[in-house]
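See structure below.
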Amino acid sequence: MTPQPGSPVNKASIKEERAAKRAKKLEEYHRQQKRSKRNRRIGIIGGSVAAVAIIALLVATFALAPKAANYAGGGAGDASTIDGVETFTNTAGHVETAVTYEQTPPAGGEHARAWLNCGVYDQAVPSENAVHSLEHGAIWVTYDPAIADAELDLLKTALPSSYVVLSPFEGIPAPIVLSGWNAQLQIDSADDARIGEFFTEFWKSTNVPEDGASCSGAIDAPGKVS
């Protein structure tokens, strides 16, 4: 109670008033402390739950992500083991001009000095550079641009992570054509078991002019996706 002007001061009353104010402030302080502690606990629990959810999502994404196919490769390129494979007798050589190839898509022959970096392309690539990649043991997988997206996605799951070029090619004789150096296979669908057989026999083949040469470190064509 606040004394009125001119009234005698009641010291006991002032002490009680101050004590009440201190008690009220202390109570409010404790209340704020409890609230802050509760908020921190909620934040920690929420953060932990979010972290667990993120980790679970990353694990699930990694587990469900399509894995690149794996083949032994390094074969001698024996076409007699696979039904439908055609073989040719193209010669190698570097040129600075465009080349008219005997096969569509090309499966060997003269080519540019720079090879095409292996990978997935969503645009047509220069044949002269892609043929140089074949010379290094890569497989050039070409597809009709009109094939369904689901078919293309399925085709990608059949490809290894290296020494392969995937690109669209106008005017090819089948929906999908696999070309190695001097060997080629035409197929109608991406679930054809001969895709794996062709890669096993011709991927990184020892029967190419430049066995073991790199399929990276040269040039990327427009439209490279990965």
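Scheme for the structure tokens: letters A, B, ... for chains in order shown; per-chain residue numbers from 1; ligand numbers from 1 in order shown.
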
Please provide as a CSV table (one decimal) with N, CA, C and O atoms, in the first residue's frame all residues within 9 Å of Gly212 of chain A, with the sequence filter that same-chain residues fewer than 4 positions apart are discarded (counting only C-alpha atoms).
```csv
chain,number,residue,atom,x,y,z
A,136,HIS,N,37.3,-46.9,-78.6
A,136,HIS,CA,37.9,-47.1,-77.3
A,136,HIS,C,37.2,-48.2,-76.5
A,136,HIS,O,37.5,-48.4,-75.3
A,137,GLY,N,36.2,-48.9,-77.1
A,137,GLY,CA,35.5,-50.0,-76.4
A,137,GLY,C,34.2,-49.6,-75.9
A,137,GLY,O,33.6,-50.4,-75.1
A,204,LYS,N,33.6,-52.7,-73.6
A,204,LYS,CA,35.1,-52.7,-73.2
A,204,LYS,C,35.8,-53.8,-73.9
A,204,LYS,O,36.7,-54.5,-73.3
A,205,SER,N,35.4,-54.2,-75.1
A,205,SER,CA,35.9,-55.3,-75.8
A,205,SER,C,37.4,-55.1,-76.0
A,205,SER,O,37.9,-54.0,-76.2
A,206,THR,N,38.2,-56.2,-76.0
A,206,THR,CA,39.6,-56.2,-76.3
A,206,THR,C,39.8,-56.2,-77.8
A,206,THR,O,40.9,-55.9,-78.2
A,208,VAL,N,39.1,-54.1,-80.2
A,208,VAL,CA,38.9,-52.7,-80.7
A,208,VAL,C,40.2,-52.1,-81.0
A,208,VAL,O,41.2,-52.5,-80.4
```

So that I can see what lies close to Ala158 of chain A, please list as number ranges by chain the residues with an atom at most 6 Å from it, counting only C-alpha atoms and leaving out residues fewer than 2 positions away in the same chain. A: 69, 155-156

Could you turn the residues from that selection into a file that holds all heavy atoms, as a PDB file, in the first residue's frame?
```
ATOM      1  N   ALA A  69      23.537 -50.803 -64.404  1.00  0.00           N
ATOM      2  CA  ALA A  69      23.772 -52.223 -64.668  1.00  0.00           C
ATOM      3  C   ALA A  69      25.267 -52.516 -64.597  1.00  0.00           C
ATOM      4  O   ALA A  69      26.107 -51.637 -64.810  1.00  0.00           O
ATOM      5  CB  ALA A  69      23.222 -52.588 -66.039  1.00  0.00           C
ATOM      6  N   LEU A 155      15.203 -48.542 -70.694  1.00  0.00           N
ATOM      7  CA  LEU A 155      16.461 -48.735 -71.407  1.00  0.00           C
ATOM      8  C   LEU A 155      17.634 -48.234 -70.566  1.00  0.00           C
ATOM      9  O   LEU A 155      18.692 -48.876 -70.500  1.00  0.00           O
ATOM     10  CB  LEU A 155      16.413 -48.001 -72.749  1.00  0.00           C
ATOM     11  CG  LEU A 155      17.678 -48.044 -73.612  1.00  0.00           C
ATOM     12  CD1 LEU A 155      18.043 -49.474 -73.983  1.00  0.00           C
ATOM     13  CD2 LEU A 155      17.479 -47.196 -74.872  1.00  0.00           C
ATOM     14  N   LYS A 156      17.452 -47.102 -69.906  1.00  0.00           N
ATOM     15  CA  LYS A 156      18.532 -46.540 -69.087  1.00  0.00           C
ATOM     16  C   LYS A 156      18.948 -47.477 -67.960  1.00  0.00           C
ATOM     17  O   LYS A 156      20.121 -47.504 -67.575  1.00  0.00           O
ATOM     18  CB  LYS A 156      18.108 -45.184 -68.516  1.00  0.00           C
ATOM     19  CG  LYS A 156      17.995 -44.087 -69.561  1.00  0.00           C
ATOM     20  CD  LYS A 156      17.485 -42.786 -68.944  1.00  0.00           C
ATOM     21  CE  LYS A 156      17.363 -41.686 -69.989  1.00  0.00           C
ATOM     22  NZ  LYS A 156      16.807 -40.423 -69.419  1.00  0.00           N
TER      23      LYS A 156
END
```

Taking only C-alpha atoms into account, which of A:Ala183, A:Ala213, A:Ala98, A:Ala79 comes nearest Trp115 of chain A?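 With only C-alpha atoms as the atom set, the closest residue is A:Ala213.
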
Please extract the residues of segment 88-168 of chain A with a backbone DSSP assignment of strand (DSSP E or B) and present them as JSON, numbers by chain. {"A": [94, 111, 116, 119, 120, 121, 139, 140, 141, 142, 143, 164, 165, 166, 167, 168]}

Which residues come within 7 Å of Asp188 of chain A, counting only C-alpha atoms, excluding same-chain residues fewer than 5 positions away, as a PyMOL selection string? chain A and resi 174-176

Selection export as an mmCIF file, in the first residue's frame, atoms kept: all heavy atoms:
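Dumped to out_28.cif:
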```
data_model
loop_
_atom_site.group_PDB
_atom_site.id
_atom_site.type_symbol
_atom_site.label_atom_id
_atom_site.label_comp_id
_atom_site.auth_asym_id
_atom_site.auth_seq_id
_atom_site.Cartn_x
_atom_site.Cartn_y
_atom_site.Cartn_z
ATOM 1 N N ALA A 174 15.458 -49.562 -86.325
ATOM 2 C CA ALA A 174 14.716 -50.243 -85.265
ATOM 3 C C ALA A 174 14.512 -49.241 -84.127
ATOM 4 O O ALA A 174 15.197 -48.229 -84.064
ATOM 5 C CB ALA A 174 15.477 -51.473 -84.777
ATOM 6 N N PRO A 175 13.582 -49.510 -83.215
ATOM 7 C CA PRO A 175 13.376 -48.577 -82.109
ATOM 8 C C PRO A 175 14.640 -48.317 -81.288
ATOM 9 O O PRO A 175 14.871 -47.210 -80.811
ATOM 10 C CB PRO A 175 12.295 -49.263 -81.265
ATOM 11 C CG PRO A 175 11.529 -50.082 -82.255
ATOM 12 C CD PRO A 175 12.558 -50.581 -83.222
ATOM 13 N N ILE A 176 15.453 -49.362 -81.133
ATOM 14 C CA ILE A 176 16.701 -49.253 -80.372
ATOM 15 C C ILE A 176 17.798 -49.998 -81.132
ATOM 16 O O ILE A 176 17.581 -51.115 -81.620
ATOM 17 C CB ILE A 176 16.559 -49.855 -78.960
ATOM 18 C CG1 ILE A 176 15.455 -49.128 -78.177
ATOM 19 C CG2 ILE A 176 17.879 -49.784 -78.186
ATOM 20 C CD1 ILE A 176 15.047 -49.831 -76.896
#
```

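When atom CA of Gly73 of chain A is paired with atom CA of Glu197 of chain A, their separation reads 9.8 Å.
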
Nearby residues (only C-alpha atoms) at most 12 Å from Leu154 of chain A, same-chain spacing under 2 positions excluded, as a PDB file with all heavy atoms, in the first residue's frame:
```pdb
ATOM      1  N   PRO A  66      17.555 -46.054 -59.062  1.00  0.00           N
ATOM      2  CA  PRO A  66      17.981 -47.097 -59.999  1.00  0.00           C
ATOM      3  C   PRO A  66      19.495 -47.227 -60.034  1.00  0.00           C
ATOM      4  O   PRO A  66      20.214 -46.233 -60.086  1.00  0.00           O
ATOM      5  CB  PRO A  66      17.437 -46.595 -61.345  1.00  0.00           C
ATOM      6  CG  PRO A  66      17.223 -45.127 -61.154  1.00  0.00           C
ATOM      7  CD  PRO A  66      16.879 -44.938 -59.724  1.00  0.00           C
ATOM      8  N   LYS A  67      19.966 -48.433 -59.955  1.00  0.00           N
ATOM      9  CA  LYS A  67      21.393 -48.702 -59.983  1.00  0.00           C
ATOM     10  C   LYS A  67      21.836 -48.974 -61.415  1.00  0.00           C
ATOM     11  O   LYS A  67      21.109 -49.565 -62.204  1.00  0.00           O
ATOM     12  CB  LYS A  67      21.728 -49.917 -59.107  1.00  0.00           C
ATOM     13  CG  LYS A  67      21.251 -49.785 -57.649  1.00  0.00           C
ATOM     14  CD  LYS A  67      21.968 -48.664 -56.938  1.00  0.00           C
ATOM     15  CE  LYS A  67      21.658 -48.672 -55.457  1.00  0.00           C
ATOM     16  NZ  LYS A  67      20.235 -48.532 -55.130  1.00  0.00           N
ATOM     17  N   ALA A  68      23.043 -48.525 -61.744  1.00  0.00           N
ATOM     18  CA  ALA A  68      23.587 -48.796 -63.069  1.00  0.00           C
ATOM     19  C   ALA A  68      23.813 -50.295 -63.222  1.00  0.00           C
ATOM     20  O   ALA A  68      24.204 -50.981 -62.273  1.00  0.00           O
ATOM     21  CB  ALA A  68      24.894 -48.035 -63.260  1.00  0.00           C
ATOM     22  N   ALA A  69      23.537 -50.803 -64.404  1.00  0.00           N
ATOM     23  CA  ALA A  69      23.772 -52.223 -64.668  1.00  0.00           C
ATOM     24  C   ALA A  69      25.267 -52.516 -64.597  1.00  0.00           C
ATOM     25  O   ALA A  69      26.107 -51.637 -64.810  1.00  0.00           O
ATOM     26  CB  ALA A  69      23.222 -52.588 -66.039  1.00  0.00           C
ATOM     27  N   ILE A 147      10.143 -43.131 -79.311  1.00  0.00           N
ATOM     28  CA  ILE A 147       9.797 -44.169 -78.340  1.00  0.00           C
ATOM     29  C   ILE A 147       9.215 -43.527 -77.086  1.00  0.00           C
ATOM     30  O   ILE A 147       9.486 -42.373 -76.765  1.00  0.00           O
ATOM     31  CB  ILE A 147      11.002 -45.069 -77.977  1.00  0.00           C
ATOM     32  CG1 ILE A 147      12.052 -44.297 -77.171  1.00  0.00           C
ATOM     33  CG2 ILE A 147      11.612 -45.693 -79.204  1.00  0.00           C
ATOM     34  CD1 ILE A 147      13.152 -45.207 -76.618  1.00  0.00           C
ATOM     35  N   ALA A 148       8.413 -44.293 -76.345  1.00  0.00           N
ATOM     36  CA  ALA A 148       7.748 -43.780 -75.150  1.00  0.00           C
ATOM     37  C   ALA A 148       8.765 -43.468 -74.050  1.00  0.00           C
ATOM     38  O   ALA A 148       9.821 -44.096 -73.969  1.00  0.00           O
ATOM     39  CB  ALA A 148       6.734 -44.806 -74.647  1.00  0.00           C
ATOM     40  N   ASP A 149       8.414 -42.526 -73.198  1.00  0.00           N
ATOM     41  CA  ASP A 149       9.295 -42.164 -72.084  1.00  0.00           C
ATOM     42  C   ASP A 149       9.554 -43.362 -71.174  1.00  0.00           C
ATOM     43  O   ASP A 149      10.676 -43.545 -70.679  1.00  0.00           O
ATOM     44  CB  ASP A 149       8.679 -41.025 -71.262  1.00  0.00           C
ATOM     45  CG  ASP A 149       8.661 -39.702 -72.016  1.00  0.00           C
ATOM     46  OD1 ASP A 149       9.424 -39.576 -73.000  1.00  0.00           O
ATOM     47  OD2 ASP A 149       7.890 -38.803 -71.622  1.00  0.00           O
ATOM     48  N   ALA A 150       8.527 -44.175 -70.929  1.00  0.00           N
ATOM     49  CA  ALA A 150       8.688 -45.347 -70.068  1.00  0.00           C
ATOM     50  C   ALA A 150       9.674 -46.332 -70.680  1.00  0.00           C
ATOM     51  O   ALA A 150      10.461 -46.970 -69.966  1.00  0.00           O
ATOM     52  CB  ALA A 150       7.335 -46.017 -69.839  1.00  0.00           C
ATOM     53  N   GLU A 151       9.638 -46.454 -72.005  1.00  0.00           N
ATOM     54  CA  GLU A 151      10.566 -47.345 -72.693  1.00  0.00           C
ATOM     55  C   GLU A 151      12.001 -46.825 -72.559  1.00  0.00           C
ATOM     56  O   GLU A 151      12.944 -47.592 -72.312  1.00  0.00           O
ATOM     57  CB  GLU A 151      10.180 -47.444 -74.168  1.00  0.00           C
ATOM     58  CG  GLU A 151      10.973 -48.462 -74.973  1.00  0.00           C
ATOM     59  CD  GLU A 151      10.471 -49.880 -74.773  1.00  0.00           C
ATOM     60  OE1 GLU A 151       9.550 -50.102 -73.985  1.00  0.00           O
ATOM     61  OE2 GLU A 151      11.026 -50.783 -75.417  1.00  0.00           O
ATOM     62  N   LEU A 152      12.173 -45.522 -72.680  1.00  0.00           N
ATOM     63  CA  LEU A 152      13.503 -44.928 -72.541  1.00  0.00           C
ATOM     64  C   LEU A 152      14.021 -45.083 -71.112  1.00  0.00           C
ATOM     65  O   LEU A 152      15.204 -45.397 -70.903  1.00  0.00           O
ATOM     66  CB  LEU A 152      13.450 -43.452 -72.934  1.00  0.00           C
ATOM     67  CG  LEU A 152      14.774 -42.675 -72.846  1.00  0.00           C
ATOM     68  CD1 LEU A 152      15.857 -43.329 -73.699  1.00  0.00           C
ATOM     69  CD2 LEU A 152      14.560 -41.230 -73.279  1.00  0.00           C
ATOM     70  N   LYS A 156      17.452 -47.102 -69.906  1.00  0.00           N
ATOM     71  CA  LYS A 156      18.532 -46.540 -69.087  1.00  0.00           C
ATOM     72  C   LYS A 156      18.948 -47.477 -67.960  1.00  0.00           C
ATOM     73  O   LYS A 156      20.121 -47.504 -67.575  1.00  0.00           O
ATOM     74  CB  LYS A 156      18.108 -45.184 -68.516  1.00  0.00           C
ATOM     75  CG  LYS A 156      17.995 -44.087 -69.561  1.00  0.00           C
ATOM     76  CD  LYS A 156      17.485 -42.786 -68.944  1.00  0.00           C
ATOM     77  CE  LYS A 156      17.363 -41.686 -69.989  1.00  0.00           C
ATOM     78  NZ  LYS A 156      16.807 -40.423 -69.419  1.00  0.00           N
ATOM     79  N   THR A 157      18.002 -48.246 -67.429  1.00  0.00           N
ATOM     80  CA  THR A 157      18.339 -49.159 -66.337  1.00  0.00           C
ATOM     81  C   THR A 157      19.217 -50.316 -66.804  1.00  0.00           C
ATOM     82  O   THR A 157      19.830 -50.996 -65.984  1.00  0.00           O
ATOM     83  CB  THR A 157      17.072 -49.742 -65.682  1.00  0.00           C
ATOM     84  OG1 THR A 157      16.369 -50.586 -66.619  1.00  0.00           O
ATOM     85  CG2 THR A 157      16.146 -48.637 -65.215  1.00  0.00           C
ATOM     86  N   ALA A 158      19.276 -50.546 -68.106  1.00  0.00           N
ATOM     87  CA  ALA A 158      20.079 -51.648 -68.646  1.00  0.00           C
ATOM     88  C   ALA A 158      21.497 -51.217 -68.981  1.00  0.00           C
ATOM     89  O   ALA A 158      22.296 -52.022 -69.461  1.00  0.00           O
ATOM     90  CB  ALA A 158      19.407 -52.228 -69.890  1.00  0.00           C
ATOM     91  N   LEU A 159      21.827 -49.940 -68.741  1.00  0.00           N
ATOM     92  CA  LEU A 159      23.127 -49.418 -69.149  1.00  0.00           C
ATOM     93  C   LEU A 159      24.101 -49.352 -67.976  1.00  0.00           C
ATOM     94  O   LEU A 159      23.710 -49.032 -66.851  1.00  0.00           O
ATOM     95  CB  LEU A 159      22.963 -48.014 -69.746  1.00  0.00           C
ATOM     96  CG  LEU A 159      21.955 -47.871 -70.892  1.00  0.00           C
ATOM     97  CD1 LEU A 159      21.961 -46.443 -71.405  1.00  0.00           C
ATOM     98  CD2 LEU A 159      22.268 -48.855 -72.010  1.00  0.00           C
ATOM     99  N   ILE A 176      15.453 -49.362 -81.133  1.00  0.00           N
ATOM    100  CA  ILE A 176      16.701 -49.253 -80.372  1.00  0.00           C
ATOM    101  C   ILE A 176      17.798 -49.998 -81.132  1.00  0.00           C
ATOM    102  O   ILE A 176      17.581 -51.115 -81.620  1.00  0.00           O
ATOM    103  CB  ILE A 176      16.559 -49.855 -78.960  1.00  0.00           C
ATOM    104  CG1 ILE A 176      15.455 -49.128 -78.177  1.00  0.00           C
ATOM    105  CG2 ILE A 176      17.879 -49.784 -78.186  1.00  0.00           C
ATOM    106  CD1 ILE A 176      15.047 -49.831 -76.896  1.00  0.00           C
ATOM    107  N   SER A 189      12.465 -53.582 -78.234  1.00  0.00           N
ATOM    108  CA  SER A 189      12.026 -53.090 -76.922  1.00  0.00           C
ATOM    109  C   SER A 189      13.167 -53.139 -75.915  1.00  0.00           C
ATOM    110  O   SER A 189      14.124 -53.915 -76.051  1.00  0.00           O
ATOM    111  CB  SER A 189      10.847 -53.922 -76.403  1.00  0.00           C
ATOM    112  OG  SER A 189      11.239 -55.265 -76.219  1.00  0.00           O
ATOM    113  N   ALA A 190      13.026 -52.311 -74.873  1.00  0.00           N
ATOM    114  CA  ALA A 190      14.090 -52.174 -73.885  1.00  0.00           C
ATOM    115  C   ALA A 190      14.182 -53.350 -72.929  1.00  0.00           C
ATOM    116  O   ALA A 190      15.138 -53.448 -72.158  1.00  0.00           O
ATOM    117  CB  ALA A 190      13.881 -50.883 -73.094  1.00  0.00           C
ATOM    118  N   ASP A 191      13.208 -54.250 -72.952  1.00  0.00           N
ATOM    119  CA  ASP A 191      13.278 -55.412 -72.066  1.00  0.00           C
ATOM    120  C   ASP A 191      13.883 -56.634 -72.761  1.00  0.00           C
ATOM    121  O   ASP A 191      13.838 -57.749 -72.224  1.00  0.00           O
ATOM    122  CB  ASP A 191      11.899 -55.752 -71.503  1.00  0.00           C
ATOM    123  CG  ASP A 191      10.874 -56.066 -72.597  1.00  0.00           C
ATOM    124  OD1 ASP A 191      11.231 -56.000 -73.792  1.00  0.00           O
ATOM    125  OD2 ASP A 191       9.712 -56.370 -72.245  1.00  0.00           O
ATOM    126  N   ASP A 192      14.468 -56.430 -73.936  1.00  0.00           N
ATOM    127  CA  ASP A 192      15.096 -57.526 -74.677  1.00  0.00           C
ATOM    128  C   ASP A 192      16.343 -57.999 -73.922  1.00  0.00           C
ATOM    129  O   ASP A 192      17.254 -57.214 -73.625  1.00  0.00           O
ATOM    130  CB  ASP A 192      15.484 -57.046 -76.077  1.00  0.00           C
ATOM    131  CG  ASP A 192      15.823 -58.184 -77.030  1.00  0.00           C
ATOM    132  OD1 ASP A 192      16.589 -59.089 -76.635  1.00  0.00           O
ATOM    133  OD2 ASP A 192      15.327 -58.168 -78.172  1.00  0.00           O
ATOM    134  N   ILE A 195      20.178 -57.220 -74.787  1.00  0.00           N
ATOM    135  CA  ILE A 195      20.924 -56.015 -74.426  1.00  0.00           C
ATOM    136  C   ILE A 195      22.071 -56.385 -73.481  1.00  0.00           C
ATOM    137  O   ILE A 195      23.228 -56.004 -73.688  1.00  0.00           O
ATOM    138  CB  ILE A 195      20.007 -54.972 -73.775  1.00  0.00           C
ATOM    139  CG1 ILE A 195      18.985 -54.447 -74.787  1.00  0.00           C
ATOM    140  CG2 ILE A 195      20.827 -53.812 -73.195  1.00  0.00           C
ATOM    141  CD1 ILE A 195      17.986 -53.462 -74.203  1.00  0.00           C
TER     142      ILE A 195
END
```

Once DSSP has gone over the backbone, tell me which residues of segment 31-214 of chain A are in alpha helix (DSSP H), as a ChimeraX atom specification. /A:31-64,127-135,149-157,194-202

Please report the interatomic distance between atom CA of Gln123 of chain A and atom CA of Gly223 of chain A in Å with one decimal.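 Atom-to-atom, atom CA of Gln123 of chain A and atom CA of Gly223 of chain A are spaced 5.0 Å apart.
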